[in-house]
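Novice: Let me begin by handing over the structure; questions about it come next.
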Amino acid sequence: MLTPGYRYELKVKSITPKGIWLHAQEEQVFLPLRECPDNINPEDSIEVFLYLDRDNKPKVTTRMPLAQVGEFALLKVQSIGPHGAFLDWGVEKDLLSPYSEQVHKMEEGRRYLVHICHDHENRPIASSRLERFLVKENRDLSEGEEVELLIWAFTDLGAKVIVNNRYEALLYKDEVPAGLKRGEQHIGYVLRIRADHRIDVTLRRPGAAGIKDARTVILDALKVDGFLPLHDQSPPEMIREQLGLSKKVFKKAVGGLYKDGMIKLGDSGIKLI
């Protein structure tokens with residue numbers, strides 16, 4: 001039996017004037033005509049999402065949710081009811097976040113980062129108690145590995161992020177570009193695995209590859225008018241705001257460009273040669 005809250009690839013069993021019947025293991029599910037793709041034929045495969053309608057009956061749709069069970073997403077509260085808040089997750093029926101699953105009481109119109117899970121009756125729900133669903137210590141990641149990042153919250157140290165829908169990690173303050181927002185998704189890299197097995201990440205490729213990327217960023221900025229008002233004494237915040245680079249990476253990239261004879265360094269900034 002299929003479990004609600006997940007995406008499935010199902011085969012078309014039969015086609016009727018009102019829609020199509022899909023194979024769903026030992027049962028069938030119906031997809032209304034308005035949801036059917038054009039030129040569909042029996043035995044074709046189609047991706048659908050299974051959820052529960054207002055009567056708690058299984059229903060499929062070709063509209064994909066912002067997140068399925070096991071994933072995190074920033075969702076907007078559509079309304080408040082007696083049992084909790086209802087969040088828009090991209091399908092016809094809004095997703096309930098019970099009061100018991102809210103860290104702070106949710107408010108209509110606001111967005112909250114939540115984890116999609118099942119309740120005791122196997123119904124999809126949203127929880128803002130994120131720590132319950134995250135692993136703090138590394139189990140299978142390696143330094144330099146490319147990962148998926150979801151921006152979680154900002155602290156004095158930088159940004160707390162969710163890695164691969166599984167791990168809690170830290171993006172240090174000097175790695176946080178200007179304008180980064182909670183709920184944004186980015187490709188990142190494992191910067192280091194600390195002695196306590198906690199994970200630090202970066203938005204830029206570590207090592208020589210990251211410096212090469214930074215050189216490109218600096219050269220592209222210089223091509224605008226041939227000058228950048230940045231130098232060794234520039235505040236990290238100014239470098240991050242203009243280029244999205246940490247000061248450490250900026251200095252290494254600038255040093256390489258200078259040695260290659262591509263830029264000229266001055267007291268007021270950098271000039272393109």
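Letters A, B, ... mark the chains of the structure tokens in the order given; residue numbers begin at 1 per chain; ligand numbers begin at 1, in order shown.
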Which polymer residues have any atom within 9 Å of an atom of A:Glu241, counting only C-alpha atoms, with same-chain residues fewer than 6 positions away left out, as a PyMOL selection string?

Specialist: chain A and resi 177-179

Novice: Show which residues sit within 7 Å of stretch 53-63 of chain A, as a PDB file with C-alpha atoms, in the first residue's frame. Count only C-alpha atoms, and ignore same-chain residues fewer than 4 positions away.

Specialist:
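The new file out_25.pdb reads:
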```pdb
ATOM      1  CA  PRO A   4       0.692   9.445   1.696  1.00  0.00           C
ATOM      2  CA  LEU A  31      -6.167  10.923 -11.476  1.00  0.00           C
ATOM      3  CA  GLU A  35      -4.572  16.666 -13.949  1.00  0.00           C
ATOM      4  CA  GLU A  47       4.952  11.052 -11.637  1.00  0.00           C
ATOM      5  CA  VAL A  48       2.313  11.873  -9.037  1.00  0.00           C
ATOM      6  CA  PHE A  49       2.149  12.939  -5.431  1.00  0.00           C
ATOM      7  CA  VAL A  91      -1.141  20.918  -3.181  1.00  0.00           C
ATOM      8  CA  LYS A  93      -5.158  20.519   0.818  1.00  0.00           C
TER       9      LYS A  93
END
```

Novice: Just list the residues in stretch 84-131 of chain A DSSP gives helix (DSSP H, G or I) on the backbone, as a PyMOL selection string.

Specialist: chain A and resi 99-101+130-131

Novice: Could you tell me how far atom CA of A:Asn165 sits from atom CA of A:Gln185, in Å to one decimal place?

Specialist: 10.9 Å

Novice: Calculated over only C-alpha atoms, which of the candidates A:Gly183, A:Ile193, A:Gln233, A:Glu175 has the smallest distance to A:Val249?

Specialist: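 For A:Val249, the nearest of the candidates is A:Glu175.
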
Novice: Could you name the residues that touch A:Arg192 at 9 Å or less, counting only C-alpha atoms, but leaving out those on the same chain fewer than 4 positions away, as a JSON list (two decimals) with C-alpha atoms, in the first residue's frame?

Specialist:
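File produced: selection26.json:
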```
[["chain", "number", "residue", "atom", "x", "y", "z"],
["A", 142, "SER", "CA", 33.77, 13.67, 3.59],
["A", 143, "GLU", "CA", 35.64, 16.98, 3.53],
["A", 144, "GLY", "CA", 35.28, 18.67, 0.15],
["A", 198, "ARG", "CA", 30.29, 18.31, 13.85],
["A", 199, "ILE", "CA", 30.16, 19.66, 10.28],
["A", 200, "ASP", "CA", 31.30, 23.01, 8.93],
["A", 201, "VAL", "CA", 30.31, 23.96, 5.39]]
```

Novice: Of the candidates A:Phe227, A:Tyr172, A:Phe30, A:Tyr167, which one gets nearest to A:Lys13 if we count only C-alpha atoms?

Specialist: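 For A:Lys13, the nearest of the given residues is A:Phe30.
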
Novice: May I ask which of the residues A:Ile151, A:Tyr51, A:His115, A:Arg110 is the closest one to A:Gly90, counting only C-alpha atoms?

Specialist: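 Checking each of A:Ile151, A:Tyr51, A:His115, A:Arg110 against A:Gly90, counting only C-alpha atoms, the winner is A:Tyr51.
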
Novice: Smallest atom-to-atom distance to A:Ala85: which of A:Leu10, A:Leu50, A:Lys252, A:Ser128, using only C-alpha atoms?

Specialist: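 Looking at the shortest contact to A:Ala85, the residue is A:Ser128.
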
Novice: Suppose you want the space between atom CA of A:Ala126 and atom CA of A:Glu107; what is it in Å?

Specialist: 14.4 Å

Novice: Using DSSP on the backbone coordinates, identify the residues of stretch 65-229 of chain A assigned to strand (DSSP E or B); present them as a PyMOL selection string.

Specialist: chain A and resi 72-81+84-88+95-98+111-118+124-127+135+146-154+158-163+167-172+185-193+199-202+227-228

Novice: Would you save the residues of that selection, restricted to C-alpha atoms, as a PDB file, in the first residue's frame?

Specialist:
```pdb
ATOM      1  CA  PHE A  72      12.443  20.464   5.142  1.00  0.00           C
ATOM      2  CA  ALA A  73      10.863  23.563   3.600  1.00  0.00           C
ATOM      3  CA  LEU A  74       9.938  27.172   4.339  1.00  0.00           C
ATOM      4  CA  LEU A  75       6.126  27.239   4.225  1.00  0.00           C
ATOM      5  CA  LYS A  76       3.554  29.994   4.641  1.00  0.00           C
ATOM      6  CA  VAL A  77       0.692  29.748   7.150  1.00  0.00           C
ATOM      7  CA  GLN A  78      -2.608  30.063   5.297  1.00  0.00           C
ATOM      8  CA  SER A  79      -4.943  29.843   8.284  1.00  0.00           C
ATOM      9  CA  ILE A  80      -5.197  28.940  11.956  1.00  0.00           C
ATOM     10  CA  GLY A  81      -7.621  26.311  13.221  1.00  0.00           C
ATOM     11  CA  GLY A  84      -3.042  24.025  14.705  1.00  0.00           C
ATOM     12  CA  ALA A  85      -1.830  26.001  11.717  1.00  0.00           C
ATOM     13  CA  PHE A  86      -2.465  25.099   8.082  1.00  0.00           C
ATOM     14  CA  LEU A  87       0.492  25.642   5.759  1.00  0.00           C
ATOM     15  CA  ASP A  88       0.580  25.958   1.975  1.00  0.00           C
ATOM     16  CA  LEU A  95      -0.684  20.835   5.589  1.00  0.00           C
ATOM     17  CA  LEU A  96      -1.468  20.836   9.304  1.00  0.00           C
ATOM     18  CA  SER A  97       1.158  21.784  11.873  1.00  0.00           C
ATOM     19  CA  PRO A  98      -0.383  20.731  15.204  1.00  0.00           C
ATOM     20  CA  ARG A 111       6.600  31.634   6.931  1.00  0.00           C
ATOM     21  CA  TYR A 112       8.174  28.907   9.035  1.00  0.00           C
ATOM     22  CA  LEU A 113      10.886  26.376   8.371  1.00  0.00           C
ATOM     23  CA  VAL A 114       9.364  22.974   9.030  1.00  0.00           C
ATOM     24  CA  HIS A 115      10.031  19.268   8.635  1.00  0.00           C
ATOM     25  CA  ILE A 116       7.395  17.130   6.898  1.00  0.00           C
ATOM     26  CA  CYS A 117       6.686  13.931   8.836  1.00  0.00           C
ATOM     27  CA  HIS A 118       3.851  11.551   9.742  1.00  0.00           C
ATOM     28  CA  PRO A 124       1.514  13.969   6.771  1.00  0.00           C
ATOM     29  CA  ILE A 125       2.035  16.905   9.140  1.00  0.00           C
ATOM     30  CA  ALA A 126       4.562  19.735   9.565  1.00  0.00           C
ATOM     31  CA  SER A 127       6.797  20.227  12.605  1.00  0.00           C
ATOM     32  CA  VAL A 135      21.748  14.404  13.064  1.00  0.00           C
ATOM     33  CA  GLU A 146      29.352  18.615  -2.554  1.00  0.00           C
ATOM     34  CA  VAL A 147      26.128  18.803  -0.539  1.00  0.00           C
ATOM     35  CA  GLU A 148      22.684  20.419  -0.572  1.00  0.00           C
ATOM     36  CA  LEU A 149      22.235  23.230   1.943  1.00  0.00           C
ATOM     37  CA  LEU A 150      19.076  24.756   3.389  1.00  0.00           C
ATOM     38  CA  ILE A 151      19.571  27.969   5.370  1.00  0.00           C
ATOM     39  CA  TRP A 152      18.004  27.439   8.783  1.00  0.00           C
ATOM     40  CA  ALA A 153      18.815  30.287  11.192  1.00  0.00           C
ATOM     41  CA  PHE A 154      21.386  33.014  11.859  1.00  0.00           C
ATOM     42  CA  GLY A 158      27.148  32.572  11.212  1.00  0.00           C
ATOM     43  CA  ALA A 159      24.291  30.558   9.714  1.00  0.00           C
ATOM     44  CA  LYS A 160      22.931  27.237  10.904  1.00  0.00           C
ATOM     45  CA  VAL A 161      22.167  25.078   7.877  1.00  0.00           C
ATOM     46  CA  ILE A 162      20.567  21.734   7.105  1.00  0.00           C
ATOM     47  CA  VAL A 163      22.736  19.452   4.968  1.00  0.00           C
ATOM     48  CA  TYR A 167      22.575  16.972   9.172  1.00  0.00           C
ATOM     49  CA  GLU A 168      22.856  20.139  11.228  1.00  0.00           C
ATOM     50  CA  ALA A 169      25.921  22.171  10.182  1.00  0.00           C
ATOM     51  CA  LEU A 170      27.450  25.619  10.439  1.00  0.00           C
ATOM     52  CA  LEU A 171      28.308  28.170   7.772  1.00  0.00           C
ATOM     53  CA  TYR A 172      30.710  30.562   9.506  1.00  0.00           C
ATOM     54  CA  GLN A 185      18.573  26.370  -0.875  1.00  0.00           C
ATOM     55  CA  HIS A 186      22.161  26.292  -2.126  1.00  0.00           C
ATOM     56  CA  ILE A 187      24.813  23.898  -3.317  1.00  0.00           C
ATOM     57  CA  GLY A 188      27.660  23.881  -0.826  1.00  0.00           C
ATOM     58  CA  TYR A 189      30.697  21.891   0.241  1.00  0.00           C
ATOM     59  CA  VAL A 190      31.893  20.235   3.426  1.00  0.00           C
ATOM     60  CA  LEU A 191      34.627  22.544   4.666  1.00  0.00           C
ATOM     61  CA  ARG A 192      35.746  20.396   7.590  1.00  0.00           C
ATOM     62  CA  ILE A 193      34.695  17.612   9.946  1.00  0.00           C
ATOM     63  CA  ILE A 199      30.158  19.655  10.279  1.00  0.00           C
ATOM     64  CA  ASP A 200      31.302  23.012   8.931  1.00  0.00           C
ATOM     65  CA  VAL A 201      30.314  23.958   5.388  1.00  0.00           C
ATOM     66  CA  THR A 202      31.121  26.571   2.764  1.00  0.00           C
ATOM     67  CA  PHE A 227      38.506  49.301 -10.559  1.00  0.00           C
ATOM     68  CA  LEU A 228      37.405  47.864  -7.204  1.00  0.00           C
TER      69      LEU A 228
END
```

Novice: Quick one, how far is atom CA of A:Ile273 from atom CA of A:Ser234?

Specialist: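 A separation of 21.0 Å between them.
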
Novice: Name the residues in contact with stretch 257-259 of chain A at a cut-off of 12 Å, using only C-alpha atoms, excluding same-chain residues fewer than 4 positions from it; report them as a list in words.

Specialist: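 The residues that qualify are Ile211, Lys212, Ala214, Arg215, Thr216, Val217, Ile218, Leu219, Leu222, Phe250, Lys251, Lys252, Ala253, Ile263, Lys264, Leu265, Gly266, Ile270, Lys271, Leu272 and Ile273 of chain A.
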